[in-house]
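Enquirer: Pasting a structure here, questions to come.
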Amino acid sequence: MDTPKRTPLRNKHLENVFGNILGTPLKIPPSPQLQKLGFGTGIEVCRVNRTPSKDVVKSPWAVKRLNRFALDGDMQNSEVYSERLEKEAMLLRKLNHGNIVGFRAYKKGPDGRNILALEICDSSLADILEKRLEEDMGPLEVPKIARFCLDIAAALEYLHKEMEILHGDIKSGNVLVKGDFEVCKLCDFGVSLKIDKSGHIDPDDKYVGTDLWAAPEVIDDMTSLIGSGSDIFSYGLVIYETFVLMPPHFFGLDDEDSMTELDMRVGTRPPLPETLELSNDYNLYVGLFYACTKDLPEDRPSAEAIQKMLK
């Protein structure tokens with residue numbers, strides 16, 4: 001059977017992402033009053049402060065919608081982004097887990113754009129790591145890595161076992177953090193896919209994901225079927241990010257022929273930099289990184305096994 005085809009890296013944007021169903025009533029203020037939180041290919045995420053009613057304070061929400069580039073661009077791409085947003089809304093309404101971002105509402109906004117309202121978090125893991133890199137703060141602290149690993153493993157076990165869903169785009173930008181790592185939550189389900197009892201997607205389904213975090217079986221058409229193990233490989237690469245503070249495969253990249261080099265690196269386990277100094281407290285998570293990024297999906301631990309190990 002043919003493995004789903006992928007889009008080459010050079011034809012995709014490198015994202016800094018977190019990227020009408022009945023729900024709670026939602027009033028969207030004019031765009032100038034919205035605070036931009038993030039963006040992805042064709043998508044923007046903004047903060048909306050809800051108006052109190054009867055002296056009841058309402059928590060802010062994050063609203064996700066097509067950006068102007070998607071609206072004004074190619075009609076086919078605009079439809080793709082719209083379909084992903086609706087798919088995500090329909091899926092999130094069915095999900096109920098403390099480590100998955102909460103659904104709030106889905107409706108058409110005053111400008112005609114469909115809007116998905118979500119539980120708001122303080123930051124994304126990608127933003128936190130980028131700030132640490134800019135300020136030369138070194139690897140993320142072990143207790144925070146531990147919180148991320150346990151919380152996202154719990155989310156993946158729920159998705160893979162109970163809901164039979166492949167997230168399909170695990171990366172630091174899709175991990176949201178509340179407070180000072182009080183809890184981590186998985187977000188962005190626009191490219192998620194159904195998996196069967198064996199944990200694999202239908203070979204006719206198209207895996208999208210983001211190449212930098214892709215597993216070997218996603219990149220190589222001749223290898224195993226794509227399944228829950230593909231999420232685990234990507235999860236392992238996010239652990240790597242907490243050590244080096246940058247996306248996988250970027251460390252040591254030469255500016256010359258960089259895109260070609262990236263294409264050669266994706267789908268592999270990136271080596272830990274020789275200059276990286278980690279105390280013994282990191283050993284458990286270094287080992288987990290290696291276990292999750294083994295070449296063969298069947299050799300990687302399940303999300304359930306990861307939780308048992310961490311607990």
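Numbering starts fresh at 1 for the residues of each chain in the structure tokens, the chains themselves are lettered A, B, ... in the order given, and ligands are numbered from 1 as they appear.
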Taking only C-alpha atoms into account, produce a table as JSON lines in which each residue of range 156-212 of chain A with an atom at most 10 Å from an atom of range 262-283 of chain A appears once, together with its shortest atom pair and the distance in Å to one decimal, ordered by chain and rising number.
Expert:
```
{"residue": "A:Thr210", "atom": "CA", "partner": "A:Val266", "partner_atom": "CA", "distance": 9.9}
{"residue": "A:Asp211", "atom": "CA", "partner": "A:Val266", "partner_atom": "CA", "distance": 6.4}
{"residue": "A:Leu212", "atom": "CA", "partner": "A:Val266", "partner_atom": "CA", "distance": 5.5}
```
Enquirer: Take the selection from the previous step and output its residues with all heavy atoms, as a tab-separated table (two decimals), in the first residue's frame.
Expert:
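result26.tsv, freshly written:
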```tsv
chain	number	residue	atom	x	y	z
A	210	THR	N	4.49	18.90	10.13
A	210	THR	CA	5.56	19.86	9.84
A	210	THR	C	6.86	19.07	9.72
A	210	THR	O	7.24	18.35	10.63
A	210	THR	CB	5.69	20.91	10.96
A	210	THR	OG1	4.42	21.54	11.17
A	210	THR	CG2	6.71	21.98	10.58
A	211	ASP	N	7.53	19.21	8.58
A	211	ASP	CA	8.65	18.33	8.24
A	211	ASP	C	9.75	18.27	9.30
A	211	ASP	O	10.33	17.22	9.54
A	211	ASP	CB	9.27	18.77	6.91
A	211	ASP	CG	8.45	18.31	5.71
A	211	ASP	OD1	7.34	17.80	5.93
A	211	ASP	OD2	8.92	18.45	4.58
A	212	LEU	N	10.07	19.40	9.93
A	212	LEU	CA	11.18	19.42	10.89
A	212	LEU	C	10.95	18.45	12.04
A	212	LEU	O	11.91	17.96	12.63
A	212	LEU	CB	11.39	20.83	11.43
A	212	LEU	CG	11.96	21.86	10.45
A	212	LEU	CD1	12.02	23.23	11.10
A	212	LEU	CD2	13.34	21.43	9.97
```
Enquirer: Can you list, as a tab-separated table (two decimals) with all heavy atoms, in the first residue's frame, every protein, DNA or RNA residue that comes within 9 Å of Cys187 in chain A when you count only C-alpha atoms, leaving out same-chain residues fewer than 5 positions away?
Expert:
```tsv
chain	number	residue	atom	x	y	z
A	18	PHE	N	1.23	27.89	17.28
A	18	PHE	CA	0.83	27.25	18.51
A	18	PHE	C	0.67	25.77	18.18
A	18	PHE	O	0.25	25.46	17.28
A	18	PHE	CB	-0.45	27.85	18.98
A	18	PHE	CG	-0.25	29.30	19.39
A	18	PHE	CD1	0.71	30.07	18.91
A	18	PHE	CD2	-1.04	29.82	20.36
A	18	PHE	CE1	0.86	31.37	19.27
A	18	PHE	CE2	-0.92	31.10	20.77
A	18	PHE	CZ	0.02	31.90	20.24
A	100	ILE	N	-5.43	19.00	27.07
A	100	ILE	CA	-5.78	19.41	25.71
A	100	ILE	C	-6.55	20.73	25.81
A	100	ILE	O	-7.45	20.86	26.63
A	100	ILE	CB	-6.63	18.34	25.00
A	100	ILE	CG1	-5.77	17.09	24.74
A	100	ILE	CG2	-7.22	18.87	23.70
A	100	ILE	CD1	-6.52	15.94	24.13
A	101	VAL	N	-6.16	21.70	24.99
A	101	VAL	CA	-6.78	23.02	25.07
A	101	VAL	C	-8.29	22.92	24.91
A	101	VAL	O	-8.79	22.14	24.08
A	101	VAL	CB	-6.15	23.96	24.01
A	101	VAL	CG1	-6.52	23.54	22.60
A	101	VAL	CG2	-6.53	25.40	24.27
A	102	GLY	N	-9.02	23.68	25.71
A	102	GLY	CA	-10.47	23.55	25.74
A	102	GLY	C	-11.19	24.32	24.65
A	102	GLY	O	-10.83	25.44	24.30
A	170	ILE	N	2.85	17.34	16.26
A	170	ILE	CA	3.44	17.61	17.57
A	170	ILE	C	4.71	18.43	17.37
A	170	ILE	O	5.61	18.04	16.64
A	170	ILE	CB	3.78	16.30	18.31
A	170	ILE	CG1	2.53	15.43	18.48
A	170	ILE	CG2	4.42	16.60	19.67
A	170	ILE	CD1	1.48	16.00	19.38
A	173	GLY	N	5.57	24.58	19.21
A	173	GLY	CA	4.58	25.62	18.96
A	173	GLY	C	3.16	25.19	19.24
A	173	GLY	O	2.28	26.02	19.41
A	174	ASN	N	2.92	23.88	19.30
A	174	ASN	CA	1.59	23.36	19.57
A	174	ASN	C	1.44	22.85	21.00
A	174	ASN	O	0.53	22.10	21.32
A	174	ASN	CB	1.24	22.25	18.58
A	174	ASN	CG	0.95	22.80	17.19
A	174	ASN	OD1	0.64	23.98	17.05
A	174	ASN	ND2	1.04	21.96	16.18
A	175	VAL	N	2.38	23.26	21.85
A	175	VAL	CA	2.29	22.98	23.28
A	175	VAL	C	2.09	24.32	23.99
A	175	VAL	O	2.95	25.21	23.90
A	175	VAL	CB	3.55	22.29	23.82
A	175	VAL	CG1	3.48	22.13	25.34
A	175	VAL	CG2	3.74	20.93	23.14
A	176	LEU	N	0.96	24.49	24.66
A	176	LEU	CA	0.67	25.72	25.38
A	176	LEU	C	0.96	25.52	26.86
A	176	LEU	O	0.78	24.43	27.41
A	176	LEU	CB	-0.79	26.12	25.17
A	176	LEU	CG	-1.20	26.36	23.72
A	176	LEU	CD1	-2.66	26.81	23.65
A	176	LEU	CD2	-0.30	27.38	23.03
```
Enquirer: Range 105-205 of chain A: which residues are strand (DSSP E or B) by DSSP, as a list in words?
Expert: Ala105, Tyr106, Lys107, Lys108, Asn114, Ile115, Leu116, Ala117, Leu118, Glu119, Ser123, Ser124, Ile165, Leu166, Val175, Leu176, Val177, Lys178, Val183, Cys184, Lys185, Leu186, Leu193, Lys194, Ile195, His200 and Ile201 of chain A
Enquirer: Report the closest atom pair, with its distance in Å rounded to one decimal, for each residue of range 116-175 of chain A that has an atom no farther than 7 Å from range 287-307 of chain A; count only C-alpha atoms, sort by chain and then rising residue number, and write it as JSON lines.
Expert:
```
{"residue": "A:Leu150", "atom": "CA", "partner": "A:Gln307", "partner_atom": "CA", "distance": 6.1}
{"residue": "A:Ala153", "atom": "CA", "partner": "A:Ala303", "partner_atom": "CA", "distance": 5.1}
{"residue": "A:Ala154", "atom": "CA", "partner": "A:Gln307", "partner_atom": "CA", "distance": 6.8}
{"residue": "A:Leu156", "atom": "CA", "partner": "A:Ala303", "partner_atom": "CA", "distance": 5.9}
{"residue": "A:Glu157", "atom": "CA", "partner": "A:Ala303", "partner_atom": "CA", "distance": 5.0}
```
Enquirer: Gly209 in chain A: which residues within 9 Å, counting only C-alpha atoms, same-chain residues fewer than 4 positions away excluded, as a ChimeraX atom specification?
Expert: /A:6,167-170,191-192,213-214
Enquirer: Please produce a file of those selected residues containing N, CA, C and O atoms, as a PDB file, in the first residue's frame.
Expert:
```pdb
ATOM      1  N   ARG A   6       3.858  13.581   1.060  1.00  0.00           N
ATOM      2  CA  ARG A   6       4.104  14.743   1.882  1.00  0.00           C
ATOM      3  C   ARG A   6       4.512  15.910   1.005  1.00  0.00           C
ATOM      4  O   ARG A   6       4.929  15.742  -0.133  1.00  0.00           O
ATOM      5  N   HIS A 167      -2.517  13.018  16.448  1.00  0.00           N
ATOM      6  CA  HIS A 167      -2.470  14.481  16.432  1.00  0.00           C
ATOM      7  C   HIS A 167      -1.896  14.967  15.116  1.00  0.00           C
ATOM      8  O   HIS A 167      -2.448  15.858  14.472  1.00  0.00           O
ATOM      9  N   GLY A 168      -0.749  14.421  14.725  1.00  0.00           N
ATOM     10  CA  GLY A 168      -0.210  14.691  13.395  1.00  0.00           C
ATOM     11  C   GLY A 168       0.655  15.925  13.254  1.00  0.00           C
ATOM     12  O   GLY A 168       1.175  16.181  12.162  1.00  0.00           O
ATOM     13  N   ASP A 169       0.841  16.699  14.325  1.00  0.00           N
ATOM     14  CA  ASP A 169       1.683  17.889  14.204  1.00  0.00           C
ATOM     15  C   ASP A 169       2.231  18.290  15.574  1.00  0.00           C
ATOM     16  O   ASP A 169       2.117  19.443  15.993  1.00  0.00           O
ATOM     17  N   ILE A 170       2.849  17.336  16.260  1.00  0.00           N
ATOM     18  CA  ILE A 170       3.442  17.611  17.565  1.00  0.00           C
ATOM     19  C   ILE A 170       4.713  18.432  17.373  1.00  0.00           C
ATOM     20  O   ILE A 170       5.615  18.041  16.641  1.00  0.00           O
ATOM     21  N   VAL A 191      -4.908  19.166  11.462  1.00  0.00           N
ATOM     22  CA  VAL A 191      -4.441  18.130  10.530  1.00  0.00           C
ATOM     23  C   VAL A 191      -4.460  16.744  11.185  1.00  0.00           C
ATOM     24  O   VAL A 191      -3.807  15.815  10.708  1.00  0.00           O
ATOM     25  N   SER A 192      -5.196  16.611  12.277  1.00  0.00           N
ATOM     26  CA  SER A 192      -5.293  15.313  12.959  1.00  0.00           C
ATOM     27  C   SER A 192      -5.990  14.286  12.076  1.00  0.00           C
ATOM     28  O   SER A 192      -6.793  14.630  11.219  1.00  0.00           O
ATOM     29  N   TRP A 213       9.713  18.180  12.371  1.00  0.00           N
ATOM     30  CA  TRP A 213       9.385  17.276  13.483  1.00  0.00           C
ATOM     31  C   TRP A 213       8.899  15.909  12.977  1.00  0.00           C
ATOM     32  O   TRP A 213       8.377  15.122  13.744  1.00  0.00           O
ATOM     33  N   ALA A 214       9.089  15.628  11.706  1.00  0.00           N
ATOM     34  CA  ALA A 214       8.531  14.414  11.113  1.00  0.00           C
ATOM     35  C   ALA A 214       9.348  13.175  11.459  1.00  0.00           C
ATOM     36  O   ALA A 214      10.575  13.219  11.577  1.00  0.00           O
TER      37      ALA A 214
END
```
Enquirer: Using only C-alpha atoms, determine which residues lie at most 10 Å from Val183 in chain A, disregarding the query and same-chain residues fewer than 4 positions distant; provide the list as number ranges by chain.
Expert: A: 98-99, 121, 144, 147-148, 150-152, 176-179
Enquirer: I'd like the interatomic distance between CA of Glu79 in chain A and CA of Lys64 in chain A, to a tenth of an Å.
Expert: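 Computing the Euclidean distance for CA of Glu79 in chain A and CA of Lys64 in chain A yields 15.4 Å.
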Enquirer: With only C-alpha atoms as the atoms that count, which of A:Ile201, A:Met163, A:Val208, A:Ile115 lies nearest to Gly227 in chain A?
Expert: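 Of the candidates, the smallest distance to Gly227 in chain A is held by A:Ile201.
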Enquirer: Tell me which protein, DNA and RNA residues are within 7 Å of Ala215 in chain A, counting only C-alpha atoms, leaving out same-chain ones fewer than 2 positions away, and put them as a list in words.
Expert: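 Listing them by chain and then by number gives Trp213, Glu217, Val218, Ile219, Ser230, Phe233, Ser234 and Gly267 of chain A.
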Enquirer: Between CA of Tyr81 in chain A and CA of Lys94 in chain A, what distance in Å does the model show, to one decimal?
Expert: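 Answer for the CA of Tyr81 in chain A to CA of Lys94 in chain A separation: 20.5 Å.
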Enquirer: In Å, rounded to a single decimal, give me how far CA of Phe243 in chain A is from CA of Cys149 in chain A.
Expert: 12.9 Å
Enquirer: Just want the 6 Å neighbourhood of Leu133 in chain A, counted on only C-alpha atoms, with same-chain residues fewer than 3 positions away dropped. Output as a tab-separated table (two decimals) with N, CA, C and O atoms, in the first residue's frame.
Expert:
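To be explicit, this is the file written out as out30.tsv:
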```
chain	number	residue	atom	x	y	z
A	130	GLU	N	12.43	30.06	22.74
A	130	GLU	CA	13.06	31.11	21.94
A	130	GLU	C	13.59	32.23	22.84
A	130	GLU	O	14.70	32.75	22.62
A	136	ASP	N	20.26	33.68	26.48
A	136	ASP	CA	21.35	32.78	26.85
A	136	ASP	C	21.14	32.17	28.24
A	136	ASP	O	22.04	32.15	29.08
A	245	LEU	N	17.13	24.52	22.70
A	245	LEU	CA	16.38	25.77	22.59
A	245	LEU	C	16.16	26.24	21.15
A	245	LEU	O	15.98	27.44	20.90
```
